[in-house]
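Shown next, in structure tokens, is the structure this report addresses.
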Amino acid sequence: MTATHDLHVVLGAGPAGTALAAELARRGHQVRLVDRSGEGRAPAGVARFAADVATAEGARAAVEGAAVVYHCVNVGYHLQVEVMPRIQRAVLAATEGVGARLVVLDTLYPYGETRGAVMTEDTPWNATTRKGRMRAELDTRYLAAHADGRLRVVLGRSADFVGPGVLNSTLGGAVFPAALTGGEVPAFGDIDLPHSYTYIGDVAAGLATLGENADAYGRVWHLPTAPALTTRQILTMVEERVGRALNLTVVAQPRPFGPFDEVFMAEYAEMFYQHTEAQTVDSSAIEKAYGLTPNPLAATVDETLAWYGELLAAR
């Protein structure tokens, strides 16, 4: 069955998928938000749907009738190398089968170590880590599927997420609650190096814009990302807003700390270079092409602290 209406299907109901579903609904699209449970609160105007898109049958059911499919699925760090290629195969086949377009939420991992050079869409893919090579292989297959005419595909790459609803990030659930309550705040690596963070609302706006514009397909774009500051500068913004110095612990080398347990850190160790060299993302291409402006980091810090404050109050 091919798409017969303006149905936008978002695969993955984590922070990015949920924010994207809400953004698409605000833009007037019919939206289906898919994860394995199909439960939980849905943004206004969004229908929840249960499917396991790592299987051919689940992926087909999830995308039935779609005009555009957004792949925002992720899995536990220790499962990524094994599971993400399986999800790709199922999602590509299912999306091709219904004649839909495919928008993929991507990472910076394919670039590998850049020795601090600013990352643009023309940066070479030089990943040497297991997860970086895996992501580069997936992206090569996505772009090949587009080039071969199987379906239209576009990739949107994001830096580390930050913002309301973002828990599992180095600038997320380990940082903001502790900042608000006086607890121990972890900071990875050299916090005096520039490090880009992408506001979760800009992830959503960028992916939705790519999905809507036929001329965007067949390439990689960097999602709108505010100019990089050092992690210390961002933490200083947090201090100014909470009115006290943070109880900061710099995690200079990969080791278990707080919510970052042994299982996670054992897998994250190969990616720790992201915190020992500058990580600066240039998103000027998508900004100029589609008139997008990244949320200023100061506003992002304000919104994120407010969201975590409400979360703590509710608990």
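Residue numbering restarts at 1 for every chain of the structure tokens, chains are lettered A, B, ... in their displayed order, and ligands are numbered from 1 as they appear.
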* Asked: Do you know which residues are at most 9 Å from Leu292 (chain A) counting only C-alpha atoms, after dropping those on the same chain fewer than 5 positions away, and could you put them as a list in words?
  ->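 Residues near the query, excluding close chain neighbours: Asp202, Ala205, Gly206, Thr209, Pro224, Ile286 and Glu287 of chain A.
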DSSP strand (DSSP E or B) residues within region 33-90 of chain A, listed as a short mmCIF file (atom, residue, chain, number, x, y, z; two decimals) with C-alpha atoms, in the first residue's frame:
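Written file, result_21.cif:
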```
data_model
loop_
_atom_site.label_atom_id
_atom_site.label_comp_id
_atom_site.auth_asym_id
_atom_site.auth_seq_id
_atom_site.Cartn_x
_atom_site.Cartn_y
_atom_site.Cartn_z
CA LEU A 33 4.41 8.10 17.14
CA VAL A 34 5.77 4.55 17.32
CA ASP A 35 7.61 2.61 19.98
CA VAL A 46 -0.39 12.69 17.94
CA ALA A 47 -1.53 9.05 17.86
CA ARG A 48 0.55 6.44 19.71
CA PHE A 49 1.26 3.07 18.04
CA ALA A 50 2.98 -0.08 19.30
CA VAL A 68 7.18 10.52 5.44
CA VAL A 69 8.94 8.27 7.98
CA TYR A 70 11.33 9.68 10.59
CA HIS A 71 13.82 7.21 12.08
#
```
* **Nearby residues (only C-alpha atoms) at most 7 Å from region 157-168 of chain A, same-chain spacing under 5 positions excluded, as a VMD selection string** => chain A and resid 15 105 to 108 173 196 to 200 203 221 to 223 300 303 to 304 307
File dump, residues just selected, N, CA, C and O atoms, as a PDB file, in the first residue's frame:
```
ATOM      1  N   PRO A  15      13.255  11.438  23.666  1.00  0.00           N
ATOM      2  CA  PRO A  15      13.135  12.902  23.632  1.00  0.00           C
ATOM      3  C   PRO A  15      13.056  13.478  22.217  1.00  0.00           C
ATOM      4  O   PRO A  15      12.243  14.360  21.952  1.00  0.00           O
ATOM      5  N   LEU A 105      17.492  10.552  11.855  1.00  0.00           N
ATOM      6  CA  LEU A 105      18.231  11.296  12.876  1.00  0.00           C
ATOM      7  C   LEU A 105      19.586  10.622  13.065  1.00  0.00           C
ATOM      8  O   LEU A 105      19.658   9.433  13.390  1.00  0.00           O
ATOM      9  N   ASP A 106      20.649  11.380  12.882  1.00  0.00           N
ATOM     10  CA  ASP A 106      21.993  10.819  12.857  1.00  0.00           C
ATOM     11  C   ASP A 106      22.869  11.490  13.915  1.00  0.00           C
ATOM     12  O   ASP A 106      22.484  12.489  14.534  1.00  0.00           O
ATOM     13  N   THR A 107      24.066  10.926  14.102  1.00  0.00           N
ATOM     14  CA  THR A 107      25.027  11.417  15.074  1.00  0.00           C
ATOM     15  C   THR A 107      26.262  11.962  14.360  1.00  0.00           C
ATOM     16  O   THR A 107      26.405  11.846  13.136  1.00  0.00           O
ATOM     17  N   LEU A 108      27.200  12.492  15.142  1.00  0.00           N
ATOM     18  CA  LEU A 108      28.479  12.958  14.613  1.00  0.00           C
ATOM     19  C   LEU A 108      29.514  11.846  14.549  1.00  0.00           C
ATOM     20  O   LEU A 108      30.635  12.076  14.069  1.00  0.00           O
ATOM     21  N   GLY A 173      20.192  14.571  32.634  1.00  0.00           N
ATOM     22  CA  GLY A 173      19.667  14.192  33.938  1.00  0.00           C
ATOM     23  C   GLY A 173      20.679  14.046  35.044  1.00  0.00           C
ATOM     24  O   GLY A 173      20.311  14.021  36.220  1.00  0.00           O
ATOM     25  N   SER A 196      29.784  21.585  21.184  1.00  0.00           N
ATOM     26  CA  SER A 196      28.442  21.897  20.677  1.00  0.00           C
ATOM     27  C   SER A 196      27.395  21.026  21.350  1.00  0.00           C
ATOM     28  O   SER A 196      27.606  19.825  21.562  1.00  0.00           O
ATOM     29  N   TYR A 197      26.272  21.628  21.661  1.00  0.00           N
ATOM     30  CA  TYR A 197      25.079  20.931  22.144  1.00  0.00           C
ATOM     31  C   TYR A 197      23.908  21.408  21.295  1.00  0.00           C
ATOM     32  O   TYR A 197      23.769  22.602  21.018  1.00  0.00           O
ATOM     33  N   THR A 198      23.052  20.480  20.888  1.00  0.00           N
ATOM     34  CA  THR A 198      21.905  20.813  20.042  1.00  0.00           C
ATOM     35  C   THR A 198      20.630  20.775  20.871  1.00  0.00           C
ATOM     36  O   THR A 198      20.301  19.738  21.471  1.00  0.00           O
ATOM     37  N   TYR A 199      19.938  21.879  20.889  1.00  0.00           N
ATOM     38  CA  TYR A 199      18.665  22.003  21.613  1.00  0.00           C
ATOM     39  C   TYR A 199      17.645  21.042  21.021  1.00  0.00           C
ATOM     40  O   TYR A 199      17.491  20.958  19.791  1.00  0.00           O
ATOM     41  N   ILE A 200      16.935  20.325  21.873  1.00  0.00           N
ATOM     42  CA  ILE A 200      16.027  19.277  21.400  1.00  0.00           C
ATOM     43  C   ILE A 200      14.921  19.858  20.511  1.00  0.00           C
ATOM     44  O   ILE A 200      14.463  19.198  19.569  1.00  0.00           O
ATOM     45  N   VAL A 203      16.423  20.075  17.097  1.00  0.00           N
ATOM     46  CA  VAL A 203      16.435  18.751  16.472  1.00  0.00           C
ATOM     47  C   VAL A 203      15.091  18.515  15.788  1.00  0.00           C
ATOM     48  O   VAL A 203      15.023  18.116  14.619  1.00  0.00           O
ATOM     49  N   TRP A 221      22.679  16.677   6.409  1.00  0.00           N
ATOM     50  CA  TRP A 221      22.601  18.049   6.917  1.00  0.00           C
ATOM     51  C   TRP A 221      22.945  18.046   8.404  1.00  0.00           C
ATOM     52  O   TRP A 221      22.613  17.084   9.112  1.00  0.00           O
ATOM     53  N   HIS A 222      23.550  19.115   8.882  1.00  0.00           N
ATOM     54  CA  HIS A 222      23.682  19.321  10.318  1.00  0.00           C
ATOM     55  C   HIS A 222      22.443  20.057  10.808  1.00  0.00           C
ATOM     56  O   HIS A 222      22.066  21.095  10.241  1.00  0.00           O
ATOM     57  N   LEU A 223      21.810  19.517  11.827  1.00  0.00           N
ATOM     58  CA  LEU A 223      20.622  20.159  12.391  1.00  0.00           C
ATOM     59  C   LEU A 223      21.015  21.455  13.096  1.00  0.00           C
ATOM     60  O   LEU A 223      22.149  21.603  13.551  1.00  0.00           O
ATOM     61  N   THR A 300      18.144  28.106  26.073  1.00  0.00           N
ATOM     62  CA  THR A 300      18.055  26.658  26.281  1.00  0.00           C
ATOM     63  C   THR A 300      18.308  26.306  27.734  1.00  0.00           C
ATOM     64  O   THR A 300      17.600  25.461  28.312  1.00  0.00           O
ATOM     65  N   GLU A 303      15.154  27.222  29.747  1.00  0.00           N
ATOM     66  CA  GLU A 303      14.056  26.282  29.539  1.00  0.00           C
ATOM     67  C   GLU A 303      14.333  24.938  30.220  1.00  0.00           C
ATOM     68  O   GLU A 303      13.428  24.315  30.784  1.00  0.00           O
ATOM     69  N   THR A 304      15.576  24.495  30.149  1.00  0.00           N
ATOM     70  CA  THR A 304      15.926  23.193  30.699  1.00  0.00           C
ATOM     71  C   THR A 304      15.856  23.208  32.212  1.00  0.00           C
ATOM     72  O   THR A 304      15.324  22.274  32.835  1.00  0.00           O
ATOM     73  N   TRP A 307      12.217  23.144  33.226  1.00  0.00           N
ATOM     74  CA  TRP A 307      11.607  21.811  33.059  1.00  0.00           C
ATOM     75  C   TRP A 307      12.038  20.873  34.176  1.00  0.00           C
ATOM     76  O   TRP A 307      11.210  20.176  34.765  1.00  0.00           O
TER      77      TRP A 307
END
```
* To do: Do a neighbour search on Ala228 (chain A) at 7 Å with only C-alpha atoms, toss out local chain neighbours closer than 2 positions, and write the hits as number ranges by chain.
  => A: 194-196, 226, 230, 280
Save out the residues we just selected, N, CA, C and O atoms, as a PDB file, in the first residue's frame.
```
ATOM      1  N   PRO A 194      35.670  24.053  23.477  1.00  0.00           N
ATOM      2  CA  PRO A 194      34.326  24.240  22.909  1.00  0.00           C
ATOM      3  C   PRO A 194      33.641  22.891  22.692  1.00  0.00           C
ATOM      4  O   PRO A 194      34.274  21.919  22.268  1.00  0.00           O
ATOM      5  N   HIS A 195      32.353  22.857  22.991  1.00  0.00           N
ATOM      6  CA  HIS A 195      31.580  21.620  22.798  1.00  0.00           C
ATOM      7  C   HIS A 195      30.163  22.005  22.382  1.00  0.00           C
ATOM      8  O   HIS A 195      29.443  22.671  23.114  1.00  0.00           O
ATOM      9  N   SER A 196      29.784  21.585  21.184  1.00  0.00           N
ATOM     10  CA  SER A 196      28.442  21.897  20.677  1.00  0.00           C
ATOM     11  C   SER A 196      27.395  21.026  21.350  1.00  0.00           C
ATOM     12  O   SER A 196      27.606  19.825  21.562  1.00  0.00           O
ATOM     13  N   ALA A 226      23.360  25.906  18.049  1.00  0.00           N
ATOM     14  CA  ALA A 226      23.867  27.216  18.454  1.00  0.00           C
ATOM     15  C   ALA A 226      25.398  27.219  18.446  1.00  0.00           C
ATOM     16  O   ALA A 226      26.031  26.174  18.637  1.00  0.00           O
ATOM     17  N   THR A 230      32.316  26.686  25.612  1.00  0.00           N
ATOM     18  CA  THR A 230      32.924  25.614  26.389  1.00  0.00           C
ATOM     19  C   THR A 230      31.887  25.063  27.365  1.00  0.00           C
ATOM     20  O   THR A 230      30.932  25.759  27.758  1.00  0.00           O
ATOM     21  N   THR A 280      32.944  21.041  17.636  1.00  0.00           N
ATOM     22  CA  THR A 280      32.261  22.242  17.159  1.00  0.00           C
ATOM     23  C   THR A 280      31.522  21.936  15.871  1.00  0.00           C
ATOM     24  O   THR A 280      32.131  21.531  14.877  1.00  0.00           O
TER      25      THR A 280
END
```
* With distances taken over only C-alpha atoms, which of A:Gly189, A:Pro85, A:Gly76, A:Gly12 is nearest to Asp52 (chain A)? ->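 Nearest to Asp52 (chain A): A:Gly12.
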* To do: Determine, counting only C-alpha atoms, which protein, DNA and RNA residues have an atom within 10 Å of an atom of region 238-247 of chain A; residues of the same chain fewer than 6 positions away are not included. Present the result as a PyMOL selection string.
  => chain A and resi 175-176+178-186+232+298+301-302+304-305
Writing out the chosen residues with C-alpha atoms as a compact mmCIF listing (two decimals), in the first residue's frame:
```txt
# COMPACT_ATOMS: atom_id res chain seq x y z
CA VAL A 175 23.57 17.67 35.61
CA PHE A 176 20.43 19.75 36.02
CA ALA A 178 22.04 18.07 40.90
CA ALA A 179 22.55 21.74 40.02
CA LEU A 180 19.11 22.58 41.39
CA THR A 181 19.51 20.57 44.60
CA GLY A 182 23.19 21.09 45.41
CA GLY A 183 24.20 17.57 44.45
CA GLU A 184 27.36 16.43 42.67
CA VAL A 185 27.45 17.59 39.04
CA PRO A 186 29.60 15.53 36.65
CA ARG A 232 32.51 25.40 31.62
CA ALA A 298 21.15 30.95 27.28
CA VAL A 301 19.58 26.68 29.77
CA ASP A 302 16.58 28.68 31.06
CA THR A 304 15.93 23.19 30.70
CA LEU A 305 16.28 24.38 34.29
```
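CA of Ala66 (chain A) is found 7.3 Å from CA of Asp6 (chain A).
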